[in-house]
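> For reference, this is target_31.pdb, and it has PDB, N, CA and C atoms.
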MODEL        1
ATOM      1  N   MET K1451      86.922  93.337 103.705
ATOM      2  CA  MET K1451      87.220  94.491 102.854
ATOM      3  C   MET K1451      88.309  94.098 101.859
ATOM      4  N   LYS K1452      88.099  94.421 100.635
ATOM      5  CA  LYS K1452      89.080  94.147  99.577
ATOM      6  C   LYS K1452      89.819  95.455  99.280
ATOM      7  N   VAL K1453      91.127  95.385  99.274
ATOM      8  CA  VAL K1453      91.956  96.570  99.027
ATOM      9  C   VAL K1453      92.045  96.813  97.526
ATOM     10  N   ALA K1454      91.932  98.065  97.139
ATOM     11  CA  ALA K1454      92.057  98.416  95.727
ATOM     12  C   ALA K1454      93.439  98.029  95.219
ATOM     13  N   ALA K1455      93.459  97.451  94.053
ATOM     14  CA  ALA K1455      94.719  97.001  93.457
ATOM     15  C   ALA K1455      95.700  98.162  93.303
ATOM     16  N   SER K1456      95.199  99.340  93.008
ATOM     17  CA  SER K1456      96.089 100.486  92.815
ATOM     18  C   SER K1456      96.827 100.842  94.108
ATOM     19  N   PHE K1457      96.155 100.727  95.257
ATOM     20  CA  PHE K1457      96.815 101.018  96.529
ATOM     21  C   PHE K1457      97.903  99.982  96.806
ATOM     22  N   SER K1458      97.579  98.718  96.605
ATOM     23  CA  SER K1458      98.561  97.648  96.792
ATOM     24  C   SER K1458      99.748  97.849  95.855
ATOM     25  N   ASP K1459      99.465  98.205  94.608
ATOM     26  CA  ASP K1459     100.532  98.442  93.631
ATOM     27  C   ASP K1459     101.443  99.591  94.075
ATOM     28  N   GLU K1460     100.845 100.648  94.639
ATOM     29  CA  GLU K1460     101.642 101.775  95.125
ATOM     30  C   GLU K1460     102.562 101.337  96.271
ATOM     31  N   VAL K1461     102.000 100.550  97.187
ATOM     32  CA  VAL K1461     102.777 100.075  98.329
ATOM     33  C   VAL K1461     103.922  99.187  97.853
ATOM     34  N   TYR K1462     103.605  98.233  96.982
ATOM     35  CA  TYR K1462     104.635  97.335  96.462
ATOM     36  C   TYR K1462     105.665  98.096  95.630
ATOM     37  N   GLY K1463     105.223  99.089  94.892
ATOM     38  CA  GLY K1463     106.136  99.917  94.108
ATOM     39  C   GLY K1463     107.099 100.687  94.992
ATOM     40  N   TYR K1464     106.592 101.193  96.108
ATOM     41  CA  TYR K1464     107.455 101.909  97.047
ATOM     42  C   TYR K1464     108.493 100.958  97.646
ATOM     43  N   ILE K1465     108.046  99.766  98.052
ATOM     44  CA  ILE K1465     108.982  98.792  98.616
ATOM     45  C   ILE K1465     110.055  98.446  97.592
ATOM     46  N   LEU K1466     109.657  98.232  96.348
ATOM     47  CA  LEU K1466     110.611  97.915  95.286
ATOM     48  C   LEU K1466     111.618  99.044  95.090
ATOM     49  N   SER K1467     111.133 100.284  95.033
ATOM     50  CA  SER K1467     112.039 101.404  94.760
ATOM     51  C   SER K1467     112.956 101.733  95.937
ATOM     52  N   GLN K1468     112.474 101.557  97.160
ATOM     53  CA  GLN K1468     113.263 101.922  98.331
ATOM     54  C   GLN K1468     114.130 100.788  98.879
ATOM     55  N   TYR K1469     113.642  99.556  98.751
ATOM     56  CA  TYR K1469     114.317  98.436  99.402
ATOM     57  C   TYR K1469     114.790  97.348  98.439
ATOM     58  N   GLY K1470     114.323  97.398  97.195
ATOM     59  CA  GLY K1470     114.790  96.447  96.191
ATOM     60  C   GLY K1470     113.888  95.237  95.999
ATOM     61  N   GLU K1471     114.207  94.497  94.953
ATOM     62  CA  GLU K1471     113.390  93.354  94.545
ATOM     63  C   GLU K1471     113.405  92.223  95.569
ATOM     64  N   ASP K1472     114.543  91.979  96.202
ATOM     65  CA  ASP K1472     114.617  90.909  97.206
ATOM     66  C   ASP K1472     113.646  91.161  98.351
ATOM     67  N   MET K1473     113.564  92.411  98.808
ATOM     68  CA  MET K1473     112.647  92.758  99.892
ATOM     69  C   MET K1473     111.199  92.575  99.445
ATOM     70  N   LEU K1474     110.896  92.995  98.232
ATOM     71  CA  LEU K1474     109.536  92.844  97.717
ATOM     72  C   LEU K1474     109.145  91.373  97.648
ATOM     73  N   ILE K1475     110.053  90.537  97.212
ATOM     74  CA  ILE K1475     109.785  89.100  97.142
ATOM     75  C   ILE K1475     109.505  88.548  98.538
ATOM     76  N   ARG K1476     110.275  88.981  99.518
ATOM     77  CA  ARG K1476     110.043  88.517 100.891
ATOM     78  C   ARG K1476     108.692  88.984 101.419
ATOM     79  N   VAL K1477     108.319  90.229 101.135
ATOM     80  CA  VAL K1477     107.036  90.761 101.587
ATOM     81  C   VAL K1477     105.881  89.995 100.937
ATOM     82  N   GLN K1478     106.024  89.669  99.654
ATOM     83  CA  GLN K1478     104.941  89.019  98.914
ATOM     84  C   GLN K1478     104.945  87.492  99.042
ATOM     85  N   SER K1479     105.813  86.932  99.865
ATOM     86  CA  SER K1479     105.876  85.479  99.999
ATOM     87  C   SER K1479     104.578  84.930 100.587
ATOM     88  N   ASN K1480     104.301  83.669 100.299
ATOM     89  CA  ASN K1480     103.080  83.037 100.777
ATOM     90  C   ASN K1480     102.974  83.059 102.295
ATOM     91  N   GLN K1481     104.079  82.906 102.987
ATOM     92  CA  GLN K1481     104.033  82.876 104.448
ATOM     93  C   GLN K1481     103.633  84.224 105.042
ATOM     94  N   ASN K1482     103.819  85.316 104.320
ATOM     95  CA  ASN K1482     103.460  86.647 104.808
ATOM     96  C   ASN K1482     102.140  87.158 104.251
ATOM     97  N   ASN K1483     101.519  86.409 103.378
ATOM     98  CA  ASN K1483     100.332  86.852 102.665
ATOM     99  C   ASN K1483      99.212  87.342 103.585
ATOM    100  N   GLU K1484      98.884  86.585 104.600
ATOM    101  CA  GLU K1484      97.779  86.946 105.490
ATOM    102  C   GLU K1484      98.055  88.245 106.244
ATOM    103  N   ILE K1485      99.251  88.363 106.804
ATOM    104  CA  ILE K1485      99.617  89.572 107.560
ATOM    105  C   ILE K1485      99.625  90.794 106.647
ATOM    106  N   VAL K1486     100.225  90.655 105.469
ATOM    107  CA  VAL K1486     100.309  91.776 104.532
ATOM    108  C   VAL K1486      98.915  92.222 104.106
ATOM    109  N   ASN K1487      98.034  91.283 103.812
ATOM    110  CA  ASN K1487      96.671  91.649 103.416
ATOM    111  C   ASN K1487      95.945  92.394 104.533
ATOM    112  N   LYS K1488      96.098  91.947 105.763
ATOM    113  CA  LYS K1488      95.467  92.637 106.894
ATOM    114  C   LYS K1488      96.007  94.052 107.048
ATOM    115  N   LEU K1489      97.309  94.205 106.900
ATOM    116  CA  LEU K1489      97.913  95.534 107.019
ATOM    117  C   LEU K1489      97.475  96.450 105.876
ATOM    118  N   LEU K1490      97.383  95.907 104.676
ATOM    119  CA  LEU K1490      96.911  96.711 103.537
ATOM    120  C   LEU K1490      95.466  97.164 103.761
ATOM    121  N   GLU K1491      94.627  96.257 104.230
ATOM    122  CA  GLU K1491      93.229  96.605 104.489
ATOM    123  C   GLU K1491      93.115  97.668 105.572
ATOM    124  N   SER K1492      93.848  97.486 106.645
ATOM    125  CA  SER K1492      93.819  98.441 107.749
ATOM    126  C   SER K1492      94.298  99.819 107.298
ATOM    127  N   SER K1493      95.369  99.846 106.548
ATOM    128  CA  SER K1493      95.917 101.121 106.074
ATOM    129  C   SER K1493      94.988 101.812 105.094
ATOM    130  N   ALA K1494      94.360 101.044 104.227
ATOM    131  CA  ALA K1494      93.412 101.630 103.274
ATOM    132  C   ALA K1494      92.214 102.214 104.024
ATOM    133  N   ARG K1495      91.753 101.499 105.035
ATOM    134  CA  ARG K1495      90.609 101.961 105.827
ATOM    135  C   ARG K1495      90.970 103.235 106.585
ATOM    136  N   ASP K1496      92.209 103.321 107.073
ATOM    137  CA  ASP K1496      92.661 104.486 107.832
ATOM    138  C   ASP K1496      93.197 105.603 106.948
ATOM    139  N   SER K1497      93.140 105.418 105.643
ATOM    140  CA  SER K1497      93.621 106.399 104.661
ATOM    141  C   SER K1497      95.099 106.723 104.815
ATOM    142  N   ASP K1498      95.896 105.716 105.197
ATOM    143  CA  ASP K1498      97.347 105.899 105.252
ATOM    144  C   ASP K1498      97.896 105.997 103.838
ATOM    145  N   ASP K1499      99.040 106.647 103.682
ATOM    146  CA  ASP K1499      99.646 106.711 102.359
ATOM    147  C   ASP K1499     100.497 105.463 102.114
ATOM    148  N   ALA K1500     100.899 105.282 100.875
ATOM    149  CA  ALA K1500     101.619 104.079 100.467
ATOM    150  C   ALA K1500     102.963 103.959 101.179
ATOM    151  N   GLN K1501     103.665 105.065 101.358
ATOM    152  CA  GLN K1501     104.971 105.035 102.015
ATOM    153  C   GLN K1501     104.836 104.562 103.459
ATOM    154  N   HIS K1502     103.891 105.123 104.175
ATOM    155  CA  HIS K1502     103.676 104.738 105.572
ATOM    156  C   HIS K1502     103.290 103.260 105.657
ATOM    157  N   THR K1503     102.419 102.830 104.775
ATOM    158  CA  THR K1503     101.971 101.442 104.765
ATOM    159  C   THR K1503     103.123 100.494 104.468
ATOM    160  N   ALA K1504     103.943 100.827 103.495
ATOM    161  CA  ALA K1504     105.081  99.979 103.135
ATOM    162  C   ALA K1504     106.031  99.827 104.317
ATOM    163  N   ASN K1505     106.339 100.918 104.972
ATOM    164  CA  ASN K1505     107.234 100.864 106.122
ATOM    165  C   ASN K1505     106.611 100.091 107.280
ATOM    166  N   LYS K1506     105.301 100.224 107.443
ATOM    167  CA  LYS K1506     104.604  99.479 108.492
ATOM    168  C   LYS K1506     104.653  97.978 108.213
ATOM    169  N   ILE K1507     104.467  97.595 106.961
ATOM    170  CA  ILE K1507     104.525  96.176 106.587
ATOM    171  C   ILE K1507     105.902  95.606 106.897
ATOM    172  N   ILE K1508     106.938  96.299 106.502
ATOM    173  CA  ILE K1508     108.294  95.819 106.745
ATOM    174  C   ILE K1508     108.562  95.719 108.246
ATOM    175  N   ALA K1509     108.113  96.708 108.998
ATOM    176  CA  ALA K1509     108.315  96.671 110.457
ATOM    177  C   ALA K1509     107.529  95.526 111.091
ATOM    178  N   MET K1510     106.291  95.339 110.699
ATOM    179  CA  MET K1510     105.460  94.288 111.292
ATOM    180  C   MET K1510     105.964  92.897 110.949
ATOM    181  N   LEU K1511     106.562  92.744 109.800
ATOM    182  CA  LEU K1511     107.127  91.454 109.426
ATOM    183  C   LEU K1511     108.510  91.237 110.042
ATOM    184  N   ARG K1512     109.010  92.297 110.670
ATOM    185  CA  ARG K1512     110.327  92.277 111.304
ATOM    186  C   ARG K1512     111.426  91.873 110.304
ATOM    187  N   ILE K1513     111.320  92.459 109.134
ATOM    188  CA  ILE K1513     112.323  92.247 108.097
ATOM    189  C   ILE K1513     113.311  93.408 108.184
ATOM    190  N   ASN K1514     114.571  93.084 108.257
ATOM    191  CA  ASN K1514     115.585  94.130 108.306
ATOM    192  C   ASN K1514     116.022  94.511 106.902
ATOM    193  N   PRO K1515     115.738  95.768 106.510
ATOM    194  CA  PRO K1515     116.142  96.202 105.165
ATOM    195  C   PRO K1515     117.645  96.330 105.026
TER     196      PRO K1515
ENDMDL
END
Take the structure in the file and write it out as structure tokens.

Amino acid sequence: MKVAASFSDEVYGYILSQYGEDMLIRVQSNQNNEIVNKLLESSARDSDDAQHTANKIIAMLRINP
């Protein structure tokens, strides 16, 4: 399943606005790419909102904001 770019943009936009650019860079790093894509796909399939998805990504990556 391919996630719509608009959903990913919303999630990344929320992370940027709530946690800052450094956090967004860490989330989008190559080492986290596979996990983040799986979480985005799962959230899109479950109709989660961008805020919930962003917080889930940060929690699953165990990144401390």
> Suppose you want the space between CA of Gly1470 (chain K) and atom C of Arg1495 (chain K); what is it in Å?
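Distance between the two atoms: 26.9 Å.
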> For each of K:Leu1489, K:Leu1466, K:Met1473, K:Ala1454, take the minimum atom-to-atom distance to Lys1506 (chain K), counting all atoms listed in the file, then give the residue where this is smallest.
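Selected residue with least distance to Lys1506 (chain K): K:Leu1489.
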> For CA of Tyr1464 (chain K) and CA of Ala1504 (chain K), determine how far apart the two atoms are, in Å to one decimal place.
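Between CA of Tyr1464 (chain K) and CA of Ala1504 (chain K) the gap is 6.8 Å.
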> Show me, as JSON, the centre and edge lengths in Å to one decimal of the axis-aligned box that covers every listed atom of region 1488-1502 of chain K with 5 Å on each side.

{"center_x": 97.8, "center_y": 99.3, "center_z": 104.1, "size_x": 24.4, "size_y": 24.8, "size_z": 17.4}
> Go through K:Ala1455, K:Leu1511, K:Ala1494, K:Ala1500 and flag the residue nearest Ser1479 (chain K), using only C-alpha atoms for the distances.
K:Leu1511
> DSSP says alpha helix (DSSP H) for which residues of chain K? Put them as number ranges by chain?
K: 1455-1469, 1471-1477, 1483-1495, 1500-1510
> Using only C-alpha atoms for the distances, tell me which of K:Asp1472, K:Met1510, K:Ser1467, K:Val1461 is nearest to Leu1490 (chain K).
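Ranked by minimum distance to Leu1490 (chain K), first place goes to K:Val1461.
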> Calculate how many Å separate CA of Ile1485 (chain K) from CA of Tyr1462 (chain K), rounding to one decimal.
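Taking CA of Ile1485 (chain K) as the start and CA of Tyr1462 (chain K) as the end point, the length is 14.4 Å.
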